[in-house]
Every structure is written in structure tokens, then in C-alpha cells.
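So the structure is just underneath, and the comments pick up after that.
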Amino acid sequence: MNHDFWAVEKLTLTSQTPEGGFYAGRAKPGETVIEMRGITKRFPGVVANDDIDFDVKAGEIHALLGENGAGKTTLMNIMYGLLQPDEGEIYVRGRKVVMRSPKDAIALGIGMVHQHFMLVEPHTVTENVILGLKSPKGILLDLEGAKRRIEELSKKYGLKVDPDAKIWQLSVGERQRVEIIKALYRGAQILILDEPTAVLTPPEVKELMAIIRRMAEQGHAVVPFITHKLPEVMAISDRVTILRRGKVVARIRTKDARESELARHMVGREVLFTIEKNPAKPGRVVLEVRNLKALSDRGLPALKNVSFSIREGEILGVAGVAGNGQRELAEVIAGLRRAVAGRVLIDGRDVTNLPPREIIKQGLGHIPEDRMGMGLILDFSIAENAILETHSSPPFARGWFIDPQEVGKHAERLIKEFNIMAPSKDTLANHLSGGNLQRLILARELSREPKVLVANQPTRGLDVGATEFIRRKLLEQRDRGVAILLISEDLDEVMSMSDRIAVLYEGEIMGILPAEKAKVEEVGMMMAGARRQTEFEA
């Protein structure tokens, strides 16, 4: 398959091209290469896209912004051929096309890295990357050749991933890297990105942004829709289109915009980017981890003698690139993964390798990194998800039977208190946006008034409004005495929210720093394994 976007040959896309395709020369900088006109897409009970015009020009980076549920993903899924619009038209180089599937989009050089990944879990990284592509060896797969190309892309873009690993063995961050590599492998010239820097260290972010800018300067077009990293949008994009509730509310040249203006258009109100926190008042030790060791899903060491403690009223932030033991650490503490050595203590009681229900009874709350796969049952209602871990206990249960009236009252209170946008408590979770899914998980965990809260990637993929809300709630819990373990690949979040920062690299703690004294460069070096503190708090 010829992946040169500007030299596509004989591509049958639509009945509007009865000759069987079209020939495209190289686009000039500034020339419109894709134009969407009057795009409308309806789902039951909601208009996701309402008469939207959007275009992509050669040689530019066009950011698409909006809150979770604003219609960004729907619009990009239409551009990528995953969905077809109910109304509206798409033009490529002035020719009307109908992209019936991603295969058509890929043939035009359009790649998309989805917020919720499109990967086959039992297959390896290599198998996922080449899935659907013709092999240069005919009926035989060229797995070794594909592995070499993946390794080249991994090295070039700083996207470390094992080509032989199975997808189910990878963390969320590592899966995102696979999606990026998959698009690059297919020769994407228009690259639609969702949170592309979420799993990178500061130096890697700088490198990736330089690569993206260089691609644009060479005539390629990039559409990153980065929902909460507005500084990166300001730094790298040329234009910004902002959606709110399915409609375009602003089109702005980035050089003429301010962060506060973009955020206000996104959420319809002023947003505070810097959340002031009260001075910490740490009390007694509530969570203690001693010399913890655990294995990854592949049976390899994932945690190596990890030790730390967290006191009442304190946030310990864990910084690190995805795949360095963060997921395993959270799961061992929550009882979802066995420790092979070491101890976990809550309030002085050893809870190592106890069943999750017993650990919850000891006062643990857990926000998992995979909100859709582990945090909720998507086919259950809001009310049912709100009592997942407490459904057999009063006041929700009377003997063997669940009390629907109490469950309903509980759900309605959480919907109101946590501003979960849904028609009713009976709405199924799979109808909620990412931000509302995370609010539901947070509401459920905090409603049990935990002593310890493990928050793993609590704002990943959320818009600025939802991010602000989640962070405020975490600080409220810290101020009421909860010990919080905040695991995040967003270094800005770790730096601003934490009282102390632990840096995790290849399953080891490289150091624990007071947040007020930590410097981004120092933490970045530790995240990359290039520096270790010789003396740190254990």
C-alpha cells in the first residue's frame, strides 16, 4: 500500500468518484486538504455534533478543544471513518468523499490515536501494529521486519514499548504508545492525537513537540485535541477550534489567544488553573509500605523493595513514565495483585495480600487508572455502580435483598454532590462521558469516607473543568485528614498537588522530595533513571 498522503493512487472512496478514485499531488502550505461541512451526528437522546464546520490545512497544527462530551471524539471518529454523519459532507482536496471505514482514512494518510484504545488484548504489540496490513511476504507474516520497524519508531519518538508484549500485559500508558506507533507505522500524514504527551517525561514532551512541529513544516497536518494541557496547545498549535455541547463556540488563531480565554470558551465560565492548597497538617502514619516486591503480568519484577509512608492529611505524589511500576503499586495496595515480598499496612494493620473487600473494610478507597475496564461496570446503571463495593452492607441491603429506595437516594445524592451530568440515576454508565465516569468513581469511593485513597491517573484524559473538580475534591479529602497516594504521569499535577513527591523508575523509588523544593528538571532526570538521590525518606 502506498502511504504517501499526497500521492494516493486509485482510491475508491465514494459514488461521487465513479471513475474509481482520484490522483492527488502534493498540497501547498496552507491549502485545505480536508474540509468537513455541516456535520451533524445524533445518538439516542443527544446531538453529539450539531452543524459543525472543520477543516485541516497542510503545514499546520489544528487543535480541537472542548469538555468531555462536547463532541470532539465523535467529530474525529467521523473524519477517521469510524462513524458516518447523519448530515453534512467531507471533502478531500476539494473532492467529496465518503469514508466508509478507517481503511479509507488510512489509505488517505489519516491516523488516529484514540482516547479509548482500539487494540486486541490477546495479541502482541507487533501483531496489533500490523493488523489489517498486507505483508510484503504475501501470505506469510513478516513479524521480524515489523518488529525492527517498531523498534526504529520507538527509538525515534521516545516511545518505549516491547514489540513482543501482549496488550493485556501493558499499562494504560504503554497501550497509548502502541496506538501512536501503530499510526506512525501506517504512514500517517494527518495525525489525530488525544493526549499525546500524557505518558512522556518533560524532555520527551519537548522532543515529541519538536517532531510534530517539524512534520507540520514539511507539509503535514496534525490535529491534536489536548483537552487539559492548554500550555502545550498554546505552544504548538496554529489554530484552535472549540466545541461546547456539540456546537462550535470559537475559532481562534492561537497567536491571538490566551489560556484563560480558551478555557472559558470550553466550559462556559472562568476556570482556575492554579488551585491554592492549605498548608499540610500531617498527622499519624496511616499507610505504610515496606520493602514491597511484586511481579508484572509477564512475571518480571515490577516493584523492587519499594518503601514509603503517608500520614493523615498528606498527599504523596508518585511521578514516573508509564510502565515503571505505578499500576502494580496501586494494585498491590488495593489487593488486586499479590506481593511476593514486603508488607502493606493500613492504620498499623497488615493488609498484605488480603482480598480487596477486606482491604476496603480497613479504610481504603481506590481510583483505578482504567476507569472503563476496572472502575465501573458499563452495563450497570449509575445507581448500581455507586454501590458496587457496599451493596451487601446496610443501608443498601436488608438481609439477602437490596433496598432499591436506599440505593436510589444514595445515587441521587452523589449525582447532585459531584455534578454528574446524566438524565437520571438509572442511566447506564456506558452513556456517560469520560469526565462523568471519573466523577462517578470518585463519588463512590469518597462516599465510604476512606482513611487512605489511592488515586491512579485521576485526571487523565479529562477536560479542564473536570480536572479542576477532581483536584479540588482530592484537596478537600486531604484537608479532612485522608492519606492520599496520587499516581500521575502529569508532572505538573504531581508538582502542584503533592506535599511530597516519590519518583518511580523501573520499579524502584529514585527519591522522595518535599514538593516545595522539587524542581522539574531534577524530577525529570530521576524519571528517566539518570539521577538517584543518595539519601531520601523511605
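Naming scheme: A, B, ... for chains in displayed order of the C-alpha cells; residues 1 onward per chain; ligands 1 onward as shown.
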Among the residues of segment 341-537 of chain A, find those DSSP assigns to strand (DSSP E or B) from the backbone and print them as a PyMOL selection string. chain A and resi 341-346+349-350+364-367+381+397-398+401-402+428+452-456+483-487+500-505+508-514
Show me, as a list in words, the residues that have an atom within 8 Å of segment 468-473 of chain A when counting only C-alpha atoms, minus same-chain residues fewer than 2 positions from it.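 Skipping anything fewer than 2 positions along the chain leaves Val271, Leu272, Phe273, Ile275, Arg439, Leu442, Pro458, Thr459, Val464, Gly465, Ala466, Leu475, Glu476, Gln477 and Met497 of chain A.
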What lies within 7 Å of Leu428 of chain A using only C-alpha atoms, ignoring chain neighbours under 4 positions off, as a PyMOL selection string? chain A and resi 378-382
Output all heavy atoms for every residue in that selection, as a compact mmCIF listing (two decimals), in the first residue's frame.
# COMPACT_ATOMS: atom_id res chain seq x y z
N LEU A 378 -19.88 -1.07 32.87
CA LEU A 378 -20.52 -0.13 31.95
C LEU A 378 -21.97 -0.47 31.65
O LEU A 378 -22.75 0.42 31.30
CB LEU A 378 -19.71 -0.05 30.66
CG LEU A 378 -18.27 0.48 30.81
CD1 LEU A 378 -17.59 0.55 29.44
CD2 LEU A 378 -18.25 1.85 31.48
N ASP A 379 -22.34 -1.73 31.78
CA ASP A 379 -23.73 -2.12 31.52
C ASP A 379 -24.62 -1.96 32.74
O ASP A 379 -25.81 -2.26 32.67
CB ASP A 379 -23.79 -3.57 31.03
CG ASP A 379 -23.21 -3.73 29.63
OD1 ASP A 379 -23.24 -2.75 28.87
OD2 ASP A 379 -22.71 -4.82 29.32
N PHE A 380 -24.05 -1.47 33.85
CA PHE A 380 -24.82 -1.19 35.05
C PHE A 380 -25.20 0.29 35.07
O PHE A 380 -24.54 1.13 34.45
CB PHE A 380 -24.02 -1.51 36.31
CG PHE A 380 -24.02 -2.97 36.70
CD1 PHE A 380 -24.37 -3.96 35.80
CD2 PHE A 380 -23.65 -3.34 37.98
CE1 PHE A 380 -24.37 -5.30 36.16
CE2 PHE A 380 -23.64 -4.67 38.36
CZ PHE A 380 -24.00 -5.65 37.45
N SER A 381 -26.25 0.60 35.81
CA SER A 381 -26.69 1.99 35.94
C SER A 381 -25.78 2.76 36.89
O SER A 381 -24.93 2.18 37.59
CB SER A 381 -28.12 2.04 36.46
OG SER A 381 -28.15 1.59 37.83
N ILE A 382 -25.97 4.07 36.93
CA ILE A 382 -25.24 4.90 37.88
C ILE A 382 -25.50 4.41 39.29
O ILE A 382 -24.57 4.27 40.11
CB ILE A 382 -25.66 6.38 37.73
CG1 ILE A 382 -25.16 6.94 36.40
CG2 ILE A 382 -25.14 7.21 38.90
CD1 ILE A 382 -25.63 8.35 36.12
Quick one: of A:Arg93, A:Arg448, A:Lys72, A:Arg500, who's nearest to Glu516 of chain A, counting only C-alpha atoms?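 Going through A:Arg93, A:Arg448, A:Lys72, A:Arg500 one by one, the smallest distance to Glu516 of chain A is for A:Arg500.
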For the structure I just gave you, how does DSSP split segment 216-295 of chain A - specifically, which residues are helix (DSSP H, G or I)? Reply as a PyMOL selection string. chain A and resi 216-217+230-236+254-256+259-267
Quick one: residues within 9 Å of Val340 of chain A, only C-alpha atoms counted, chain neighbours fewer than 6 positions away excluded, as a ChimeraX atom specification? /A:292-295
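Interatomic distance, atom CA of Gly246 of chain A against atom CA of Gly71 of chain A: 5.0 Å.
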Measuring atom to atom with only C-alpha atoms, identify which of A:Gly88, A:Gly313, A:Gly69, A:Pro122 is nearest to Met36 of chain A.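 Selected residue with least distance to Met36 of chain A: A:Gly88.
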